[in-house]
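S.K.: query-v7.cif is reproduced below (mmCIF, C-alpha atoms and all ligand atoms).
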```
data_my_file
#
loop_
_atom_site.label_atom_id
_atom_site.label_comp_id
_atom_site.auth_asym_id
_atom_site.auth_seq_id
_atom_site.Cartn_x
_atom_site.Cartn_y
_atom_site.Cartn_z
CA MET A 551 173.98 38.81 96.29
CA ARG A 552 173.38 35.58 98.19
CA ASP A 553 172.44 33.72 95.00
CA ILE A 554 175.65 34.80 93.30
CA VAL A 555 177.71 33.53 96.23
CA LEU A 556 175.98 30.14 96.08
CA VAL A 557 176.66 29.75 92.35
CA GLU A 558 180.32 30.57 92.83
CA GLY A 559 180.49 27.94 95.57
CA ASN A 560 178.98 25.31 93.28
CA ASN A 561 181.40 26.10 90.49
CA HIS A 562 184.30 25.74 92.87
CA LEU A 563 183.01 22.31 93.94
CA ASN A 564 182.71 21.18 90.32
CA VAL A 565 186.30 22.19 89.60
CA GLU A 566 187.51 20.16 92.55
CA MET A 567 185.53 17.10 91.41
CA THR A 568 187.04 17.31 87.93
CA ALA A 569 190.49 17.25 89.49
CA ILE A 570 189.65 14.15 91.52
CA ALA A 571 187.98 12.18 88.72
CA PRO A 572 189.42 13.34 85.38
CA LEU A 573 188.37 10.17 83.54
CA GLY A 574 184.74 10.27 84.63
CA LEU A 575 184.49 6.55 85.29
CA ILE A 576 186.71 6.53 88.34
CA GLY A 577 184.69 5.04 91.18
CA ASP A 578 182.06 3.34 88.98
CA LEU A 579 182.96 -0.19 90.00
CA ASN A 580 179.74 -1.99 89.04
CA ASP A 581 179.73 -0.30 85.58
CA ASP A 582 176.20 1.10 85.78
CA GLY A 583 177.24 4.63 84.77
CA ALA A 584 176.67 6.14 88.21
CA ILE A 585 178.91 6.60 91.21
CA ASN A 586 177.02 5.87 94.42
CA VAL A 587 176.80 3.72 97.53
CA LEU A 588 176.64 0.53 95.45
CA ASP A 589 180.16 1.24 94.20
CA LEU A 590 181.26 1.98 97.75
CA THR A 591 179.95 -1.43 98.83
CA THR A 592 181.74 -3.10 95.91
CA LEU A 593 185.02 -1.42 96.86
CA GLU A 594 184.58 -2.46 100.49
CA LEU A 595 184.07 -6.07 99.40
CA TYR A 596 187.23 -5.97 97.27
CA VAL A 597 189.32 -4.49 100.08
CA GLY A 598 187.76 -7.12 102.35
CA GLY A 599 189.18 -9.86 100.15
CA TYR A 600 186.46 -10.76 97.66
CA PRO A 601 187.69 -11.66 94.13
CA ILE A 602 186.88 -9.04 91.48
CA SER A 603 185.12 -11.62 89.28
CA GLN A 604 182.50 -12.16 91.99
CA ILE A 605 181.72 -8.51 92.77
CA SER A 606 182.01 -6.62 89.45
CA PRO A 607 181.37 -7.10 85.70
CA LEU A 608 184.60 -5.21 84.94
CA SER A 609 187.88 -6.84 83.96
CA GLU A 610 190.45 -6.95 86.71
CA ALA A 611 192.61 -4.26 85.07
CA GLU A 612 189.66 -1.92 84.52
CA PHE A 613 188.34 -2.53 88.03
CA LEU A 614 191.69 -1.68 89.59
CA ARG A 615 192.01 1.47 87.44
CA ARG A 616 188.58 2.73 88.50
CA ALA A 617 189.00 1.61 92.11
CA ASP A 618 192.17 3.68 92.59
CA VAL A 619 190.07 6.72 93.46
CA ASN A 620 192.89 8.72 95.06
CA GLY A 621 195.28 7.90 92.22
CA ASP A 622 198.22 6.58 94.24
CA GLY A 623 198.59 3.39 92.19
CA LYS A 624 197.20 1.09 94.89
CA VAL A 625 193.69 0.02 95.84
CA ASN A 626 193.15 -0.05 99.58
CA VAL A 627 191.15 1.46 102.44
CA LEU A 628 192.27 4.96 101.48
CA ASP A 629 190.28 4.61 98.27
CA ILE A 630 187.16 3.74 100.30
CA THR A 631 187.54 7.07 102.09
CA ALA A 632 188.22 8.88 98.80
CA LEU A 633 185.13 7.31 97.22
CA GLU A 634 183.00 8.31 100.22
CA ILE A 635 184.14 11.91 99.69
CA LEU A 636 183.51 11.68 95.94
CA ILE A 637 179.95 10.41 96.51
CA ALA A 638 179.27 13.07 99.14
CA GLN A 639 180.27 15.80 96.70
CA ARG A 640 177.94 14.66 93.92
CA CA B 1 178.24 2.40 89.75
CA CA B 2 194.55 4.31 95.80
#
```
Once more with this new file: its structure as structure tokens, please.
M.R.:
Amino acid sequence: MRDIVLVEGNNHLNVEMTAIAPLGLIGDLNDDGAINVLDLTTLELYVGGYPISQISPLSEAEFLRRADVNGDGKVNVLDITALEILIAQR
């Protein structure tokens, strides 16, 4: 019974993640195919004022699309928090 409960919990988590990142690449800001603390650092640098060309291989448009983790059309400190949650759930 305990095993079944755990599996149901995992499935629920996966459904939530799909809702947050429907395009799969959201949050991958250094374009290495993974979403992890390196992307979090890249996003923090951008929000801190670094130009995209110096912190990411992505085009500016693609960077901004992937960096808008919470999907509100802007890239700011709220997306840092959203990316932290996304990484924690993986
Ligand atoms: Ca990455
Ligand atoms: Ca945003």
S.K.: Which residues sit within 7 Å of ligand CA 2 (chain B), counting all atoms listed in the file, listed as a list in words?
M.R.: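 These are the residues that qualify: Asp618, Val619, Asn620, Gly621, Asp622, Gly623, Lys624, Val625, Asn626, Leu628 and Asp629 of chain A.
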S.K.: Could you tell me how far CA of Leu608 in chain A lies from CA of Asn586 in chain A, in Å and to one decimal?
M.R.: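 Taking CA of Leu608 in chain A and CA of Asn586 in chain A, their separation equals 16.4 Å.
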S.K.: Report as a ChimeraX atom specification which protein, DNA and RNA residues come within 7 Å of ligand CA 1 (chain B), using only C-alpha atoms and all ligand atoms.
M.R.: /A:578-586,588-589
S.K.: Write out, as a PDB file, in the coordinates of the input, the residues just selected, with C-alpha atoms.
M.R.:
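Final file, out.pdb:
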```pdb
ATOM      1  CA  ASP A 578     182.060   3.340  88.980  1.00  0.00           C
ATOM      2  CA  LEU A 579     182.960  -0.190  90.000  1.00  0.00           C
ATOM      3  CA  ASN A 580     179.740  -1.990  89.040  1.00  0.00           C
ATOM      4  CA  ASP A 581     179.730  -0.300  85.580  1.00  0.00           C
ATOM      5  CA  ASP A 582     176.200   1.100  85.780  1.00  0.00           C
ATOM      6  CA  GLY A 583     177.240   4.630  84.770  1.00  0.00           C
ATOM      7  CA  ALA A 584     176.670   6.140  88.210  1.00  0.00           C
ATOM      8  CA  ILE A 585     178.910   6.600  91.210  1.00  0.00           C
ATOM      9  CA  ASN A 586     177.020   5.870  94.420  1.00  0.00           C
ATOM     10  CA  LEU A 588     176.640   0.530  95.450  1.00  0.00           C
ATOM     11  CA  ASP A 589     180.160   1.240  94.200  1.00  0.00           C
TER      12      ASP A 589
END
```
S.K.: Between CA of Ala638 in chain A and CA of Gly599 in chain A, measure the distance and give it in Å to one decimal.
M.R.: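 Rounded to one decimal, the two atoms are 25.0 Å apart.
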S.K.: Quick one: of A:Pro607, A:Gly598, A:Leu575, A:Leu593, who's nearest to Glu634 in chain A, counting all atoms listed in the file?
M.R.: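 When distances to Glu634 in chain A are compared using all atoms listed in the file, the smallest one comes from A:Leu593.
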S.K.: In the coordinate frame of the file, compute which residues have an atom within 12 Å of (188.4, -10.8, 89.7) when using all atoms listed in the file, and state them as a ChimeraX atom specification.
M.R.: /A:579,592,595-596,599-614
S.K.: Take every atom of range 601-611 of chain A listed in the file, fit an axis-aligned box around them, add 5 Å per side, and give the centre and edge lengths in Å to one decimal as lines of an AutoDock Vina configuration file.
M.R.:
```
center_x = 187.0
center_y = -8.2
center_z = 89.0
size_x = 21.2
size_y = 17.9
size_z = 20.2
```
S.K.: Could you state the separation of CA of Leu633 in chain A and CA of Thr591 in chain A in Å, given to one decimal place?
M.R.: 10.3 Å
S.K.: For each of A:Arg640, A:Ala617, A:Gly577, A:Ile635, take the minimum atom-to-atom distance to Val597 in chain A, counting all atoms listed in the file, then give the residue where this is smallest.
M.R.: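 The shortest atom-to-atom distance to Val597 in chain A comes from A:Ala617.
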